[in-house]
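In what follows, a single structure is set out as structure tokens and then discussed.
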Amino acid sequence: MDNRQALGSWLSGPRAAAEEAGVDFGYRGQQLGLPEEGPGSIARPGRRLGALAVDWALCMLIAYGLITDGYRQATGNWALLILLVLSVLTVGTIGSTPGKRLFGLRVVSVNGGRLGLLRVVVRSVLVCLAIPALIWDRDGRGLHDRFAGAVQVRI
């Protein structure tokens with residue numbers, strides 16, 4: 001490796017440098033035994049963020065129209081509580097929130113089954129805290145999914 005390669009390797013990041021060295025990372029979800037494309041594959045970040053935006057807009061609308069009656073300062077807090085309840089109820093029963101259903105996503109256990117109630121509650125609380133949902137592993141799963149033993153897949 002010459003000096004230009006060594007100095008420029010930090011621009012492309014550690015993954016690119018490792019791939020140049022011959023490391024095979026595979027595709028997202030390969031370690032979990034999921035397909036690379038199509039139904040059952042790992043949900044891409046764009047779909048997941050879109051689903052979260054739809055769910056948040058729905059919760060804001062409910063909080064603004066039904067609970068706070070236009071009082072803006074409390075609307076966000078109530079919307080967060082509604083998001084928590086919505087997530088626990090819908091992911092715990094049908095496996096997806098309205099936004100996830102709209103974007104063709106479902107939350108399942110890493111083993112392929114449904115999540116238990118305790119794991120759904122842990123996952124939902126961590127989503128509401130936001131920080132665990134922003135830290136992802138190489139498969140694209142957030143810490144909230146890792147702690148709950150869950151994975152978001154395409155339907």
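How things are named: the first chain in the structure tokens is A, the next is B, and so on; residues count from 1 in each chain; ligands count from 1 in the order shown.
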
Counting only C-alpha atoms, which residues in range 59-126 of chain A sit no more than 10 Å from range 136-147 of chain A? For each one, give the nearest pair of atoms and the distance in Å, sorted by chain then residue number, as CSV.
```
residue,atom,partner,partner_atom,distance
A:Val107,CA,A:Asp145,CA,8.9
A:Val108,CA,A:Asp145,CA,9.6
A:Ser109,CA,A:Asp145,CA,9.1
A:Val110,CA,A:Arg146,CA,9.0
A:Arg119,CA,A:Phe147,CA,8.2
A:Val120,CA,A:Asp145,CA,9.5
A:Val122,CA,A:His144,CA,7.7
A:Arg123,CA,A:His144,CA,5.2
A:Ser124,CA,A:His144,CA,7.9
A:Val125,CA,A:His144,CA,8.5
A:Leu126,CA,A:His144,CA,5.4
```

Next item on the list: Pick out the closest residue to Leu83 in chain A from this set: A:Val127, A:Gly65, A:Arg106, A:Gly40. Count only C-alpha atoms.
Entry: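 Of A:Val127, A:Gly65, A:Arg106, A:Gly40, the one nearest Leu83 in chain A is A:Val127, counting only C-alpha atoms.
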
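For the set A:Gly46, A:Pro39, A:Gly92, A:Gly76, the residue with the smallest atom-to-atom gap to Cys59 in chain A is A:Gly76, counting only C-alpha atoms.
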
Check: CA of Tyr64 in chain A and CA of Asn77 in chain A, how far apart in Å?
Finding: 10.5 Å

Check: Hey, what does DSSP flag as helix (DSSP H, G or I) within range 9-81 of chain A? Can you give it to me as a PyMOL selection string?
Finding: chain A and resi 9-20+45-67+72-81

Please identify all polymer residues within 10 Å of Tyr27 in chain A, counting only C-alpha atoms, omitting same-chain residues fewer than 6 positions from it, and present them as a PDB file with N, CA, C and O atoms, in the first residue's frame.
```pdb
ATOM      1  N   LEU A  34     -32.058 -14.108   6.611  1.00  0.00           N
ATOM      2  CA  LEU A  34     -33.131 -13.490   5.850  1.00  0.00           C
ATOM      3  C   LEU A  34     -32.724 -13.362   4.385  1.00  0.00           C
ATOM      4  O   LEU A  34     -31.537 -13.285   4.065  1.00  0.00           O
ATOM      5  N   PRO A  35     -33.702 -13.325   3.472  1.00  0.00           N
ATOM      6  CA  PRO A  35     -33.360 -13.176   2.052  1.00  0.00           C
ATOM      7  C   PRO A  35     -32.790 -11.787   1.758  1.00  0.00           C
ATOM      8  O   PRO A  35     -33.007 -10.837   2.522  1.00  0.00           O
ATOM      9  N   GLU A  36     -32.086 -11.678   0.633  1.00  0.00           N
ATOM     10  CA  GLU A  36     -31.472 -10.404   0.266  1.00  0.00           C
ATOM     11  C   GLU A  36     -32.498  -9.407  -0.258  1.00  0.00           C
ATOM     12  O   GLU A  36     -32.412  -8.219   0.028  1.00  0.00           O
ATOM     13  N   GLU A  37     -33.475  -9.856  -1.013  1.00  0.00           N
ATOM     14  CA  GLU A  37     -34.495  -8.996  -1.614  1.00  0.00           C
ATOM     15  C   GLU A  37     -35.874  -9.614  -1.430  1.00  0.00           C
ATOM     16  O   GLU A  37     -36.002 -10.798  -1.163  1.00  0.00           O
ATOM     17  N   ILE A  42     -34.677  -7.545   5.070  1.00  0.00           N
ATOM     18  CA  ILE A  42     -34.548  -6.415   5.998  1.00  0.00           C
ATOM     19  C   ILE A  42     -35.126  -5.162   5.357  1.00  0.00           C
ATOM     20  O   ILE A  42     -34.861  -4.866   4.192  1.00  0.00           O
ATOM     21  N   ARG A 138     -24.676  -3.466  11.487  1.00  0.00           N
ATOM     22  CA  ARG A 138     -24.386  -3.667  10.061  1.00  0.00           C
ATOM     23  C   ARG A 138     -25.559  -4.249   9.291  1.00  0.00           C
ATOM     24  O   ARG A 138     -25.605  -4.173   8.072  1.00  0.00           O
ATOM     25  N   ASP A 139     -26.519  -4.834   9.989  1.00  0.00           N
ATOM     26  CA  ASP A 139     -27.721  -5.337   9.329  1.00  0.00           C
ATOM     27  C   ASP A 139     -28.795  -4.262   9.205  1.00  0.00           C
ATOM     28  O   ASP A 139     -29.854  -4.514   8.647  1.00  0.00           O
TER      29      ASP A 139
END
```

Next item on the list: Based on DSSP run over this structure's backbone, return all residues of chain A in strand (DSSP E or B), as a ChimeraX atom specification.
Entry: /A:42,105-109,136,142,150-154

Selection to disk with N, CA, C and O atoms, as a PDB file, in the first residue's frame:
```pdb
ATOM      1  N   ILE A  42     -34.677  -7.545   5.070  1.00  0.00           N
ATOM      2  CA  ILE A  42     -34.548  -6.415   5.998  1.00  0.00           C
ATOM      3  C   ILE A  42     -35.126  -5.162   5.357  1.00  0.00           C
ATOM      4  O   ILE A  42     -34.861  -4.866   4.192  1.00  0.00           O
ATOM      5  N   LEU A 105     -44.189  -2.877   5.816  1.00  0.00           N
ATOM      6  CA  LEU A 105     -43.218  -3.386   6.782  1.00  0.00           C
ATOM      7  C   LEU A 105     -43.921  -4.125   7.905  1.00  0.00           C
ATOM      8  O   LEU A 105     -45.100  -3.899   8.175  1.00  0.00           O
ATOM      9  N   ARG A 106     -43.164  -4.977   8.567  1.00  0.00           N
ATOM     10  CA  ARG A 106     -43.684  -5.706   9.718  1.00  0.00           C
ATOM     11  C   ARG A 106     -42.548  -5.960  10.696  1.00  0.00           C
ATOM     12  O   ARG A 106     -41.418  -6.181  10.303  1.00  0.00           O
ATOM     13  N   VAL A 107     -42.856  -5.928  11.986  1.00  0.00           N
ATOM     14  CA  VAL A 107     -41.872  -6.214  13.028  1.00  0.00           C
ATOM     15  C   VAL A 107     -42.087  -7.649  13.483  1.00  0.00           C
ATOM     16  O   VAL A 107     -43.184  -8.024  13.889  1.00  0.00           O
ATOM     17  N   VAL A 108     -41.019  -8.446  13.388  1.00  0.00           N
ATOM     18  CA  VAL A 108     -41.090  -9.852  13.795  1.00  0.00           C
ATOM     19  C   VAL A 108     -39.915 -10.159  14.712  1.00  0.00           C
ATOM     20  O   VAL A 108     -38.948  -9.403  14.785  1.00  0.00           O
ATOM     21  N   SER A 109     -40.000 -11.271  15.375  1.00  0.00           N
ATOM     22  CA  SER A 109     -38.899 -11.742  16.202  1.00  0.00           C
ATOM     23  C   SER A 109     -37.762 -12.212  15.297  1.00  0.00           C
ATOM     24  O   SER A 109     -37.982 -12.579  14.146  1.00  0.00           O
ATOM     25  N   TRP A 136     -27.412   2.048  14.590  1.00  0.00           N
ATOM     26  CA  TRP A 136     -27.713   0.835  13.832  1.00  0.00           C
ATOM     27  C   TRP A 136     -26.508  -0.081  13.759  1.00  0.00           C
ATOM     28  O   TRP A 136     -25.368   0.364  13.813  1.00  0.00           O
ATOM     29  N   GLY A 142     -31.718  -1.131  14.528  1.00  0.00           N
ATOM     30  CA  GLY A 142     -31.416  -0.193  15.596  1.00  0.00           C
ATOM     31  C   GLY A 142     -31.239  -0.915  16.912  1.00  0.00           C
ATOM     32  O   GLY A 142     -31.603  -2.088  17.065  1.00  0.00           O
ATOM     33  N   ALA A 150     -35.832  -8.140  17.849  1.00  0.00           N
ATOM     34  CA  ALA A 150     -36.770  -7.962  16.737  1.00  0.00           C
ATOM     35  C   ALA A 150     -36.027  -7.560  15.480  1.00  0.00           C
ATOM     36  O   ALA A 150     -34.869  -7.148  15.513  1.00  0.00           O
ATOM     37  N   VAL A 151     -36.728  -7.659  14.362  1.00  0.00           N
ATOM     38  CA  VAL A 151     -36.212  -7.198  13.083  1.00  0.00           C
ATOM     39  C   VAL A 151     -37.408  -6.698  12.262  1.00  0.00           C
ATOM     40  O   VAL A 151     -38.495  -7.265  12.338  1.00  0.00           O
ATOM     41  N   GLN A 152     -37.196  -5.609  11.533  1.00  0.00           N
ATOM     42  CA  GLN A 152     -38.245  -5.079  10.654  1.00  0.00           C
ATOM     43  C   GLN A 152     -38.023  -5.635   9.259  1.00  0.00           C
ATOM     44  O   GLN A 152     -36.951  -5.461   8.682  1.00  0.00           O
ATOM     45  N   VAL A 153     -39.028  -6.307   8.727  1.00  0.00           N
ATOM     46  CA  VAL A 153     -38.908  -6.940   7.423  1.00  0.00           C
ATOM     47  C   VAL A 153     -39.984  -6.406   6.472  1.00  0.00           C
ATOM     48  O   VAL A 153     -40.985  -5.838   6.911  1.00  0.00           O
ATOM     49  N   ARG A 154     -39.726  -6.600   5.205  1.00  0.00           N
ATOM     50  CA  ARG A 154     -40.711  -6.224   4.195  1.00  0.00           C
ATOM     51  C   ARG A 154     -41.788  -7.301   4.129  1.00  0.00           C
ATOM     52  O   ARG A 154     -41.527  -8.477   4.309  1.00  0.00           O
TER      53      ARG A 154
END
```

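Distances from A:Ile82, A:Arg47, A:Gln31, A:Thr75 to Gly99 in chain A were compared using only C-alpha atoms, and the smallest one belongs to A:Arg47.
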
Notebook entry, point to check: Out of A:Phe103, A:Val121, A:Thr97, A:Leu84, which residue has the shortest atom-to-atom distance to Arg44 in chain A when counting only C-alpha atoms?
Noted result: A:Phe103
